[in-house]
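Asks: Provided herewith is a single structure, encoded as structure tokens, for subsequent inquiry.
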Protein chains: 2
Amino acid sequence: MSIQPRPYVVLCGGLGGSRFVDALARAAGPDRVTAIVNVGDDVEILGLHVSPDLDTVLYTLAGLLDEERGWGIRDETTNALELAGRLGGETWFTLGDRDIGLHLVRSRLLREGVPLSEATRRLAERLGVEVQLLPASDDPVRTFLTTPAGELDFQTWFVARRHADPVTALRYEGAEAARPAPAVLEAIEVAEVVFLAPSNPFVSIGPILAVPGIAEALGGKRVVAVSPLVGGKAVRGPAAEMLVTLGHEPGVRGLAQVYDGVATDLLVDPADAGELPGALVAPIVMVAPESRAEVGRAVLEAVR
Amino acid sequence: MSIQPRPYVVLCGGLGGSRFVDALARAAGPDRVTAIVNVGDDVEILGLHVSPDLDTVLYTLAGLLDEERGWGIRDETTNALELAGRLGGETWFTLGDRDIGLHLVRSRLLREGVPLSEATRRLAERLGVEVQLLPASDDPVRTFLTTPAGELDFQTWFVARRHADPVTALRYEGAEAARPAPAVLEAIEVAEVVFLAPSNPFVSIGPILAVPGIAEALGGKRVVAVSPLVGGKAVRGPAAEMLVTLGHEPGVRGLAQVYDGVATDLLVDPADAGELPGALVAPIVMVAPESRAEVGRAVLEAVR
């Protein structure tokens, strides 16, 4: 891996974030990109530590992701989960067999006292991933959402209840006491541009910015927030609805309100350019892996 | 499950033991059999607690065993192990995906403080197994073997080195401080016959008898040792060689020496009857599941 400073840092969540990191890596080179990844979704399933956002980024960059589903490993089996379910284990959160192979290795490292950041570094190295992957924190940060059905933890809300409950407030448990993982603040410090990935601003970017020191480190930097919306709608997930239920304007104007004071620029899709004069514009739909190098180049061109 | 006392108790290891337990259960009814199972082979793999002998008995009785291989679950995949290996996890001990499903559920129970005996009871109940399955102890007992290559732990000797190293001595680490699992001594006390299964006397039956209280509880009982040898050779595994390297006569005469003072009777296959006048005789080859009810009936007839 390069020991040159990496000019591009991305704060990101899972699917949208991983695609954007992949786009930048394809356009600029993987050794020029650092991803600082949300851990607010982390969850223990069947005694295994699962980091869904880190896993999605890792699988995407390693070429293992099931791009159709948008999570997990492709051509996956679920035999372990099936027998665990028969034996009384929980099955609401799908863990594939290959996926469990990774969780076993990581969970043991964590139990042995290896920090999540170091475990992530080792897994990424084994999978040949050259993007620097950093969890936002090695300390637990857990996202909780206030809904009419009461306060729900992230995975209960997102997976078990399919994010159907409107969100009126959020809380990042543990964030106040959490420290940025090693290399996080240094990566931001040396970066030319920090991107807020086209991830959900509340459940993906929010828990990263809630770790004391990270938002502060962005002060004075060029921070480009990439819109997760295209034509006012999220490419995937509940970002558009959450903007409204959390009291912001709909669409990219709401996004501008959320990132006011954090981002120096907003980068939006051509479909939304009319909504927000002054925003940077580039095509940001990059569902197909083949499209990502071009999206990455367009984004780098737009911020130049 | 029956609350009647169970007349048949079997002390057993994995493959030979599980087949014998299955044979008795098919002949006498599963609610009339208790299996007290060796835990000296237990091992931690990828952070999971694995109890190979308990698992083999459980899988056999639940109809899940890969009868061809003699271990693990049939039609099994190994996708988790494959990715774990790619990520630096150990792969010398094969864990199938379904197998891992069981290990995950059990390992979590153990980590939560549930004793192995209670975890085993829950797993057996979920799989519809009516034989009472008891680990010899809830405390760790681990078999170590002295060989010309030095002292080896059981799984290193058996799996990693394919039991090629001749064994000149054994040691059951932890046995002195171990207590019989709940219900073990009571099961022996009320039994009409205690069988020593056709398992390896040194690495399967030995670690059970080494738990203080168990050998003592056999005093005054009818204890029938079932030979693991047919025509002087083990149906599977290194029992015949170990008899010799541990200084006993070869074949069933050596077996009689090993079990002298423990067993009241030895039950041997017709092929070995000439070697040991006075032994009970019944056919004991029960590799095929269809053959087991008949073997069980013949054994019960022989001890009547």
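By convention in this document, the chains of the structure tokens carry letters A, B, ... by their order, each chain's residues are numbered from 1, and ligands are numbered from 1 in the order they are shown.
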Pull out every residue of chain A sitting within 10 Å of chain B, counting only C-alpha atoms, and send them as a PDB file with N, CA and C atoms, in the first residue's frame.
Replies:
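Below you can see iface-v5.pdb, which holds the result:
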ATOM      1  N   ILE A  45     -25.159 -10.714  15.939  1.00  0.00           N
ATOM      2  CA  ILE A  45     -26.107 -11.732  15.471  1.00  0.00           C
ATOM      3  C   ILE A  45     -25.484 -13.103  15.714  1.00  0.00           C
ATOM      4  N   LEU A  46     -26.201 -13.969  16.383  1.00  0.00           N
ATOM      5  CA  LEU A  46     -25.711 -15.324  16.696  1.00  0.00           C
ATOM      6  C   LEU A  46     -24.334 -15.276  17.357  1.00  0.00           C
ATOM      7  N   GLY A  47     -24.127 -14.222  18.172  1.00  0.00           N
ATOM      8  CA  GLY A  47     -22.854 -14.101  18.872  1.00  0.00           C
ATOM      9  C   GLY A  47     -21.723 -13.558  18.017  1.00  0.00           C
ATOM     10  N   LEU A  48     -22.023 -13.187  16.778  1.00  0.00           N
ATOM     11  CA  LEU A  48     -21.002 -12.657  15.870  1.00  0.00           C
ATOM     12  C   LEU A  48     -21.124 -11.141  15.773  1.00  0.00           C
ATOM     13  N   GLU A  76     -24.292 -16.767  -2.782  1.00  0.00           N
ATOM     14  CA  GLU A  76     -24.155 -17.122  -1.370  1.00  0.00           C
ATOM     15  C   GLU A  76     -25.138 -18.229  -0.990  1.00  0.00           C
ATOM     16  N   THR A  77     -24.774 -19.013   0.015  1.00  0.00           N
ATOM     17  CA  THR A  77     -25.672 -20.003   0.598  1.00  0.00           C
ATOM     18  C   THR A  77     -25.998 -19.575   2.029  1.00  0.00           C
ATOM     19  N   THR A  78     -27.062 -20.133   2.588  1.00  0.00           N
ATOM     20  CA  THR A  78     -27.452 -19.754   3.961  1.00  0.00           C
ATOM     21  C   THR A  78     -27.723 -21.006   4.789  1.00  0.00           C
ATOM     22  N   ASN A  79     -26.834 -21.976   4.654  1.00  0.00           N
ATOM     23  CA  ASN A  79     -27.048 -23.238   5.369  1.00  0.00           C
ATOM     24  C   ASN A  79     -26.829 -23.112   6.871  1.00  0.00           C
ATOM     25  N   ALA A  80     -25.846 -22.329   7.267  1.00  0.00           N
ATOM     26  CA  ALA A  80     -25.585 -22.168   8.708  1.00  0.00           C
ATOM     27  C   ALA A  80     -26.806 -21.526   9.377  1.00  0.00           C
ATOM     28  N   LEU A  81     -27.299 -20.458   8.767  1.00  0.00           N
ATOM     29  CA  LEU A  81     -28.442 -19.752   9.340  1.00  0.00           C
ATOM     30  C   LEU A  81     -29.664 -20.657   9.451  1.00  0.00           C
ATOM     31  N   GLU A  82     -29.830 -21.500   8.444  1.00  0.00           N
ATOM     32  CA  GLU A  82     -30.987 -22.400   8.428  1.00  0.00           C
ATOM     33  C   GLU A  82     -30.938 -23.382   9.611  1.00  0.00           C
ATOM     34  N   LEU A  83     -29.772 -23.976   9.841  1.00  0.00           N
ATOM     35  CA  LEU A  83     -29.703 -24.910  10.970  1.00  0.00           C
ATOM     36  C   LEU A  83     -29.746 -24.156  12.296  1.00  0.00           C
ATOM     37  N   ALA A  84     -29.098 -22.996  12.343  1.00  0.00           N
ATOM     38  CA  ALA A  84     -29.161 -22.195  13.576  1.00  0.00           C
ATOM     39  C   ALA A  84     -30.617 -21.869  13.910  1.00  0.00           C
ATOM     40  N   GLY A  85     -31.387 -21.533  12.896  1.00  0.00           N
ATOM     41  CA  GLY A  85     -32.804 -21.226  13.114  1.00  0.00           C
ATOM     42  C   GLY A  85     -33.557 -22.427  13.664  1.00  0.00           C
ATOM     43  N   ARG A  86     -33.254 -23.587  13.117  1.00  0.00           N
ATOM     44  CA  ARG A  86     -33.897 -24.805  13.594  1.00  0.00           C
ATOM     45  C   ARG A  86     -33.560 -25.069  15.061  1.00  0.00           C
ATOM     46  N   LEU A  87     -32.425 -24.561  15.482  1.00  0.00           N
ATOM     47  CA  LEU A  87     -31.957 -24.782  16.858  1.00  0.00           C
ATOM     48  C   LEU A  87     -32.292 -23.607  17.774  1.00  0.00           C
ATOM     49  N   GLY A  88     -33.117 -22.669  17.288  1.00  0.00           N
ATOM     50  CA  GLY A  88     -33.558 -21.574  18.151  1.00  0.00           C
ATOM     51  C   GLY A  88     -32.805 -20.278  17.955  1.00  0.00           C
ATOM     52  N   GLY A  89     -31.835 -20.246  17.046  1.00  0.00           N
ATOM     53  CA  GLY A  89     -31.108 -19.000  16.777  1.00  0.00           C
ATOM     54  C   GLY A  89     -31.959 -18.035  15.963  1.00  0.00           C
ATOM     55  N   GLU A  90     -31.637 -16.765  16.018  1.00  0.00           N
ATOM     56  CA  GLU A  90     -32.430 -15.749  15.312  1.00  0.00           C
ATOM     57  C   GLU A  90     -32.110 -15.776  13.816  1.00  0.00           C
ATOM     58  N   GLY A  96     -25.149 -14.863   5.321  1.00  0.00           N
ATOM     59  CA  GLY A  96     -24.786 -15.935   4.398  1.00  0.00           C
ATOM     60  C   GLY A  96     -23.631 -16.747   4.957  1.00  0.00           C
ATOM     61  N   ASP A  97     -23.385 -17.894   4.358  1.00  0.00           N
ATOM     62  CA  ASP A  97     -22.324 -18.768   4.872  1.00  0.00           C
ATOM     63  C   ASP A  97     -20.939 -18.141   4.703  1.00  0.00           C
ATOM     64  N   ARG A  98     -20.649 -17.604   3.516  1.00  0.00           N
ATOM     65  CA  ARG A  98     -19.338 -16.982   3.311  1.00  0.00           C
ATOM     66  C   ARG A  98     -19.181 -15.778   4.237  1.00  0.00           C
ATOM     67  N   ASP A  99     -20.253 -15.009   4.307  1.00  0.00           N
ATOM     68  CA  ASP A  99     -20.360 -13.879   5.218  1.00  0.00           C
ATOM     69  C   ASP A  99     -19.989 -14.308   6.651  1.00  0.00           C
ATOM     70  N   ILE A 100     -20.512 -15.421   7.085  1.00  0.00           N
ATOM     71  CA  ILE A 100     -20.225 -15.926   8.430  1.00  0.00           C
ATOM     72  C   ILE A 100     -18.735 -16.261   8.559  1.00  0.00           C
ATOM     73  N   GLY A 101     -18.134 -16.720   7.473  1.00  0.00           N
ATOM     74  CA  GLY A 101     -16.689 -16.969   7.510  1.00  0.00           C
ATOM     75  C   GLY A 101     -15.933 -15.715   7.907  1.00  0.00           C
ATOM     76  N   LEU A 102     -16.305 -14.579   7.323  1.00  0.00           N
ATOM     77  CA  LEU A 102     -15.673 -13.310   7.690  1.00  0.00           C
ATOM     78  C   LEU A 102     -16.015 -12.932   9.125  1.00  0.00           C
ATOM     79  N   HIS A 103     -17.296 -13.056   9.497  1.00  0.00           N
ATOM     80  CA  HIS A 103     -17.690 -12.654  10.855  1.00  0.00           C
ATOM     81  C   HIS A 103     -16.969 -13.488  11.912  1.00  0.00           C
ATOM     82  N   LEU A 104     -16.748 -14.764  11.615  1.00  0.00           N
ATOM     83  CA  LEU A 104     -16.041 -15.619  12.581  1.00  0.00           C
ATOM     84  C   LEU A 104     -14.617 -15.114  12.806  1.00  0.00           C
ATOM     85  N   VAL A 105     -13.927 -14.837  11.701  1.00  0.00           N
ATOM     86  CA  VAL A 105     -12.542 -14.385  11.827  1.00  0.00           C
ATOM     87  C   VAL A 105     -12.488 -13.046  12.562  1.00  0.00           C
ATOM     88  N   ARG A 106     -13.350 -12.118  12.175  1.00  0.00           N
ATOM     89  CA  ARG A 106     -13.330 -10.801  12.824  1.00  0.00           C
ATOM     90  C   ARG A 106     -13.774 -10.875  14.282  1.00  0.00           C
ATOM     91  N   SER A 107     -14.843 -11.641  14.557  1.00  0.00           N
ATOM     92  CA  SER A 107     -15.350 -11.702  15.931  1.00  0.00           C
ATOM     93  C   SER A 107     -14.291 -12.255  16.874  1.00  0.00           C
ATOM     94  N   ARG A 108     -13.542 -13.247  16.378  1.00  0.00           N
ATOM     95  CA  ARG A 108     -12.491 -13.787  17.239  1.00  0.00           C
ATOM     96  C   ARG A 108     -11.406 -12.749  17.487  1.00  0.00           C
ATOM     97  N   LEU A 109     -11.013 -12.019  16.446  1.00  0.00           N
ATOM     98  CA  LEU A 109     -10.015 -10.962  16.639  1.00  0.00           C
ATOM     99  C   LEU A 109     -10.500  -9.959  17.681  1.00  0.00           C
ATOM    100  N   ARG A 111     -12.667 -10.378  20.048  1.00  0.00           N
ATOM    101  CA  ARG A 111     -12.702 -11.001  21.379  1.00  0.00           C
ATOM    102  C   ARG A 111     -11.299 -11.108  21.968  1.00  0.00           C
ATOM    103  N   GLU A 112     -10.310 -11.231  21.067  1.00  0.00           N
ATOM    104  CA  GLU A 112      -8.917 -11.278  21.542  1.00  0.00           C
ATOM    105  C   GLU A 112      -8.371  -9.894  21.860  1.00  0.00           C
ATOM    106  N   ARG A 122      -6.620  -5.875   8.495  1.00  0.00           N
ATOM    107  CA  ARG A 122      -6.153  -7.216   8.140  1.00  0.00           C
ATOM    108  C   ARG A 122      -7.082  -7.881   7.118  1.00  0.00           C
ATOM    109  N   LEU A 123      -8.387  -7.728   7.306  1.00  0.00           N
ATOM    110  CA  LEU A 123      -9.335  -8.342   6.367  1.00  0.00           C
ATOM    111  C   LEU A 123      -9.183  -7.726   4.980  1.00  0.00           C
ATOM    112  N   ALA A 124      -9.060  -6.393   4.949  1.00  0.00           N
ATOM    113  CA  ALA A 124      -8.933  -5.702   3.663  1.00  0.00           C
ATOM    114  C   ALA A 124      -7.663  -6.159   2.947  1.00  0.00           C
ATOM    115  N   GLU A 125      -6.583  -6.290   3.704  1.00  0.00           N
ATOM    116  CA  GLU A 125      -5.310  -6.711   3.114  1.00  0.00           C
ATOM    117  C   GLU A 125      -5.443  -8.125   2.523  1.00  0.00           C
ATOM    118  N   ARG A 126      -6.093  -9.008   3.275  1.00  0.00           N
ATOM    119  CA  ARG A 126      -6.276 -10.383   2.799  1.00  0.00           C
ATOM    120  C   ARG A 126      -7.090 -10.437   1.513  1.00  0.00           C
ATOM    121  N   LEU A 127      -8.040  -9.497   1.388  1.00  0.00           N
ATOM    122  CA  LEU A 127      -8.898  -9.492   0.207  1.00  0.00           C
ATOM    123  C   LEU A 127      -8.320  -8.624  -0.909  1.00  0.00           C
TER     124      LEU A 127
END
Asks: Do you know which residues are at most 7 Å from Leu11 of chain B counting only C-alpha atoms, after dropping those on the same chain fewer than 3 positions away, and could you put them as JSON, numbers by chain?
Replies: {"B": [35, 36, 37, 195, 196, 197, 205]}
Asks: Grab the residues selected above and save them as a PDB file, in the first residue's frame with N, CA and C atoms.
Replies:
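And here's selection32.pdb as it stands now:
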ATOM      1  N   ALA B  35     -27.130 -41.561  26.871  1.00  0.00           N
ATOM      2  CA  ALA B  35     -25.736 -41.592  26.400  1.00  0.00           C
ATOM      3  C   ALA B  35     -24.925 -40.584  27.203  1.00  0.00           C
ATOM      4  N   ILE B  36     -23.845 -41.040  27.794  1.00  0.00           N
ATOM      5  CA  ILE B  36     -22.905 -40.164  28.510  1.00  0.00           C
ATOM      6  C   ILE B  36     -21.687 -40.045  27.603  1.00  0.00           C
ATOM      7  N   VAL B  37     -21.467 -38.848  27.106  1.00  0.00           N
ATOM      8  CA  VAL B  37     -20.589 -38.679  25.942  1.00  0.00           C
ATOM      9  C   VAL B  37     -19.262 -38.008  26.320  1.00  0.00           C
ATOM     10  N   PHE B 195     -23.435 -49.772  29.320  1.00  0.00           N
ATOM     11  CA  PHE B 195     -22.583 -50.232  28.228  1.00  0.00           C
ATOM     12  C   PHE B 195     -21.394 -49.289  28.059  1.00  0.00           C
ATOM     13  N   LEU B 196     -20.233 -49.855  27.852  1.00  0.00           N
ATOM     14  CA  LEU B 196     -19.116 -49.071  27.331  1.00  0.00           C
ATOM     15  C   LEU B 196     -19.183 -49.284  25.827  1.00  0.00           C
ATOM     16  N   ALA B 197     -19.486 -48.233  25.096  1.00  0.00           N
ATOM     17  CA  ALA B 197     -19.745 -48.350  23.660  1.00  0.00           C
ATOM     18  C   ALA B 197     -18.524 -48.876  22.924  1.00  0.00           C
ATOM     19  N   ILE B 205     -13.584 -43.601  25.854  1.00  0.00           N
ATOM     20  CA  ILE B 205     -14.114 -44.064  27.144  1.00  0.00           C
ATOM     21  C   ILE B 205     -13.226 -43.575  28.296  1.00  0.00           C
TER      22      ILE B 205
END
Asks: Name the closest residue to Arg253 of chain A among the candidates A:Pro182, A:Pro277, A:Gly237, A:Gly213; distances are taken between atoms, counting only C-alpha atoms.
Replies: A:Pro277
Asks: Do you know which residues are at most 10 Å from Ala273 of chain A counting only C-alpha atoms, after dropping those on the same chain fewer than 6 positions away, and could you put them as an mmCIF file with C-alpha atoms, in the first residue's frame?
Replies:
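Done, and the output landed in around_32.cif:
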data_model
loop_
_atom_site.group_PDB
_atom_site.id
_atom_site.type_symbol
_atom_site.label_atom_id
_atom_site.label_comp_id
_atom_site.auth_asym_id
_atom_site.auth_seq_id
_atom_site.Cartn_x
_atom_site.Cartn_y
_atom_site.Cartn_z
ATOM 1 C CA VAL A 230 -31.692 11.589 -7.960
ATOM 2 C CA GLY A 231 -34.755 13.524 -9.052
ATOM 3 C CA VAL A 252 -31.725 18.351 -2.350
ATOM 4 C CA LEU A 267 -22.720 17.833 -5.560
ATOM 5 C CA ALA A 279 -24.408 23.201 -6.488
ATOM 6 C CA LEU A 280 -21.746 21.187 -8.264
ATOM 7 C CA VAL A 281 -23.249 18.861 -10.835
ATOM 8 C CA ALA A 282 -22.209 15.426 -11.998
#
Asks: Residues near Asp53 of chain B, anyone? I mean within 9 Å using only C-alpha atoms, not counting same-chain ones fewer than 5 positions away, as a list in words.
Replies: Cys12, Gly13, Gly14, Leu15, Gly17, Ser18, Val37, Asn38, Val39, Gly40, Asp41, Asp42, Leu58 and Ser204 of chain B
Asks: Can you spit out the residues from that selection as a PDB file, in the first residue's frame, using N, CA and C atoms?
Replies:
ATOM      1  N   CYS B  12     -19.898 -43.273  25.788  1.00  0.00           N
ATOM      2  CA  CYS B  12     -19.504 -43.356  24.379  1.00  0.00           C
ATOM      3  C   CYS B  12     -18.701 -42.179  23.869  1.00  0.00           C
ATOM      4  N   GLY B  13     -18.024 -42.453  22.753  1.00  0.00           N
ATOM      5  CA  GLY B  13     -17.346 -41.424  21.985  1.00  0.00           C
ATOM      6  C   GLY B  13     -18.172 -41.058  20.774  1.00  0.00           C
ATOM      7  N   GLY B  14     -17.499 -40.834  19.644  1.00  0.00           N
ATOM      8  CA  GLY B  14     -18.202 -40.342  18.473  1.00  0.00           C
ATOM      9  C   GLY B  14     -18.817 -41.412  17.600  1.00  0.00           C
ATOM     10  N   LEU B  15     -18.101 -41.798  16.544  1.00  0.00           N
ATOM     11  CA  LEU B  15     -18.744 -42.590  15.502  1.00  0.00           C
ATOM     12  C   LEU B  15     -19.227 -43.963  15.980  1.00  0.00           C
ATOM     13  N   GLY B  17     -19.538 -45.040  18.945  1.00  0.00           N
ATOM     14  CA  GLY B  17     -20.473 -44.819  20.048  1.00  0.00           C
ATOM     15  C   GLY B  17     -21.848 -44.416  19.569  1.00  0.00           C
ATOM     16  N   SER B  18     -21.876 -43.499  18.616  1.00  0.00           N
ATOM     17  CA  SER B  18     -23.171 -42.996  18.153  1.00  0.00           C
ATOM     18  C   SER B  18     -23.969 -44.095  17.464  1.00  0.00           C
ATOM     19  N   VAL B  37     -21.467 -38.848  27.106  1.00  0.00           N
ATOM     20  CA  VAL B  37     -20.589 -38.679  25.942  1.00  0.00           C
ATOM     21  C   VAL B  37     -19.262 -38.008  26.320  1.00  0.00           C
ATOM     22  N   ASN B  38     -18.207 -38.506  25.733  1.00  0.00           N
ATOM     23  CA  ASN B  38     -16.849 -37.966  25.898  1.00  0.00           C
ATOM     24  C   ASN B  38     -16.758 -36.500  25.477  1.00  0.00           C
ATOM     25  N   VAL B  39     -16.083 -35.708  26.287  1.00  0.00           N
ATOM     26  CA  VAL B  39     -15.817 -34.315  25.899  1.00  0.00           C
ATOM     27  C   VAL B  39     -14.314 -34.043  25.793  1.00  0.00           C
ATOM     28  N   GLY B  40     -13.514 -35.103  25.884  1.00  0.00           N
ATOM     29  CA  GLY B  40     -12.054 -34.936  25.849  1.00  0.00           C
ATOM     30  C   GLY B  40     -11.524 -34.477  24.502  1.00  0.00           C
ATOM     31  N   ASP B  41     -12.359 -34.580  23.453  1.00  0.00           N
ATOM     32  CA  ASP B  41     -11.968 -34.143  22.107  1.00  0.00           C
ATOM     33  C   ASP B  41     -12.398 -32.708  21.823  1.00  0.00           C
ATOM     34  N   ASP B  42     -13.105 -32.081  22.767  1.00  0.00           N
ATOM     35  CA  ASP B  42     -13.658 -30.753  22.478  1.00  0.00           C
ATOM     36  C   ASP B  42     -12.539 -29.779  22.126  1.00  0.00           C
ATOM     37  N   LEU B  58     -25.432 -36.563  18.241  1.00  0.00           N
ATOM     38  CA  LEU B  58     -26.618 -35.761  17.951  1.00  0.00           C
ATOM     39  C   LEU B  58     -27.020 -35.891  16.480  1.00  0.00           C
ATOM     40  N   SER B 204     -11.851 -42.266  23.967  1.00  0.00           N
ATOM     41  CA  SER B 204     -13.290 -41.993  24.051  1.00  0.00           C
ATOM     42  C   SER B 204     -13.840 -42.374  25.428  1.00  0.00           C
TER      43      SER B 204
END
Asks: Calculate how many Å separate atom CA of Gly232 of chain B from atom CA of Thr143 of chain B, rounding to one decimal.
Replies: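 Distance reported for this atom pair: 24.7 Å.
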Asks: As a VMD selection string, please: every residue in segment 147-192 of chain A that DSSP puts in strand (DSSP E).
Replies: chain A and resid 147 150 to 153 169 to 173
Asks: Any chance you can output those residues with N, CA and C atoms as a PDB file, in the first residue's frame?
Replies:
ATOM      1  N   THR A 147     -39.609   6.778  16.632  1.00  0.00           N
ATOM      2  CA  THR A 147     -40.694   6.585  15.666  1.00  0.00           C
ATOM      3  C   THR A 147     -42.004   6.564  16.452  1.00  0.00           C
ATOM      4  N   GLY A 150     -42.256   3.988  18.978  1.00  0.00           N
ATOM      5  CA  GLY A 150     -41.285   4.018  20.059  1.00  0.00           C
ATOM      6  C   GLY A 150     -39.868   4.100  19.515  1.00  0.00           C
ATOM      7  N   GLU A 151     -38.889   4.068  20.417  1.00  0.00           N
ATOM      8  CA  GLU A 151     -37.505   4.134  19.961  1.00  0.00           C
ATOM      9  C   GLU A 151     -37.038   2.738  19.541  1.00  0.00           C
ATOM     10  N   LEU A 152     -36.414   2.676  18.372  1.00  0.00           N
ATOM     11  CA  LEU A 152     -35.975   1.393  17.818  1.00  0.00           C
ATOM     12  C   LEU A 152     -34.475   1.459  17.548  1.00  0.00           C
ATOM     13  N   ASP A 153     -33.791   0.354  17.752  1.00  0.00           N
ATOM     14  CA  ASP A 153     -32.388   0.315  17.324  1.00  0.00           C
ATOM     15  C   ASP A 153     -32.348   0.184  15.805  1.00  0.00           C
ATOM     16  N   ALA A 169     -36.752  11.522  15.204  1.00  0.00           N
ATOM     17  CA  ALA A 169     -35.522  11.935  15.897  1.00  0.00           C
ATOM     18  C   ALA A 169     -34.533  10.774  15.871  1.00  0.00           C
ATOM     19  N   LEU A 170     -33.249  11.119  16.071  1.00  0.00           N
ATOM     20  CA  LEU A 170     -32.208  10.085  16.118  1.00  0.00           C
ATOM     21  C   LEU A 170     -31.291  10.336  17.299  1.00  0.00           C
ATOM     22  N   ARG A 171     -30.629   9.292  17.688  1.00  0.00           N
ATOM     23  CA  ARG A 171     -29.692   9.360  18.800  1.00  0.00           C
ATOM     24  C   ARG A 171     -28.578   8.370  18.477  1.00  0.00           C
ATOM     25  N   TYR A 172     -27.331   8.806  18.744  1.00  0.00           N
ATOM     26  CA  TYR A 172     -26.186   7.923  18.457  1.00  0.00           C
ATOM     27  C   TYR A 172     -25.586   7.497  19.794  1.00  0.00           C
ATOM     28  N   GLU A 173     -26.045   6.371  20.287  1.00  0.00           N
ATOM     29  CA  GLU A 173     -25.630   5.932  21.611  1.00  0.00           C
ATOM     30  C   GLU A 173     -24.140   5.614  21.627  1.00  0.00           C
TER      31      GLU A 173
END
Asks: Might you pull out every residue within 10 Å of Ala288 of chain A, with only C-alpha atoms counted and same-chain residues fewer than 2 positions away left off, and present them as a list of chain:residue names?
Replies: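 That gives A:Arg19, A:Glu67, A:Glu68, A:Val285, A:Met286, A:Glu290, A:Ser291, A:Arg292.
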Asks: As number ranges by chain, please: all residues of segment 40-261 of chain A that backbone DSSP puts in helix (DSSP H, G or I).
Replies: A: 52-61, 79-86, 97-111, 116-126, 154-160, 184-190, 201-209, 214-218, 239-245, 251-258
Asks: For a test of reading the model, state the distance in Å between atom CA of Ala23 of chain A and atom CA of Val295 of chain A, rounded to one decimal.
Replies: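 Answer for the atom CA of Ala23 of chain A to atom CA of Val295 of chain A separation: 6.2 Å.
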Asks: Name all residues at most 6 Å from segment 218-224 of chain A (count only C-alpha atoms; drop same-chain ones fewer than 3 positions away) and give them as a list of chain:residue names.
Replies: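 Near neighbours after the sequence-gap exclusion: A:Val193, A:Val194, A:Phe195, A:Ala215, A:Ala263, A:Thr264, A:Asp265, A:Leu266.
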Asks: Please compute the atom CA of Trp92 of chain A-atom CA of Val159 of chain A distance, one decimal, in Å.
Replies: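 Atom CA of Val159 of chain A lies 7.7 Å from atom CA of Trp92 of chain A.
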Asks: Name all residues at most 9 Å from Leu116 of chain A (count only C-alpha atoms; drop same-chain ones fewer than 5 positions away) and give them as a list in words.
Replies: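 Result of the neighbour search: Arg106, Leu109, Leu110, Arg121, Leu134, Pro135, Ser137, Asp138, Asp139 and Ala181 of chain A.
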Asks: Under the rule that only C-alpha atoms are counted, which of A:Glu192, A:Glu176, A:Asp269, A:Glu241 is the nearest residue to Val33 of chain A?
Replies: A:Glu192
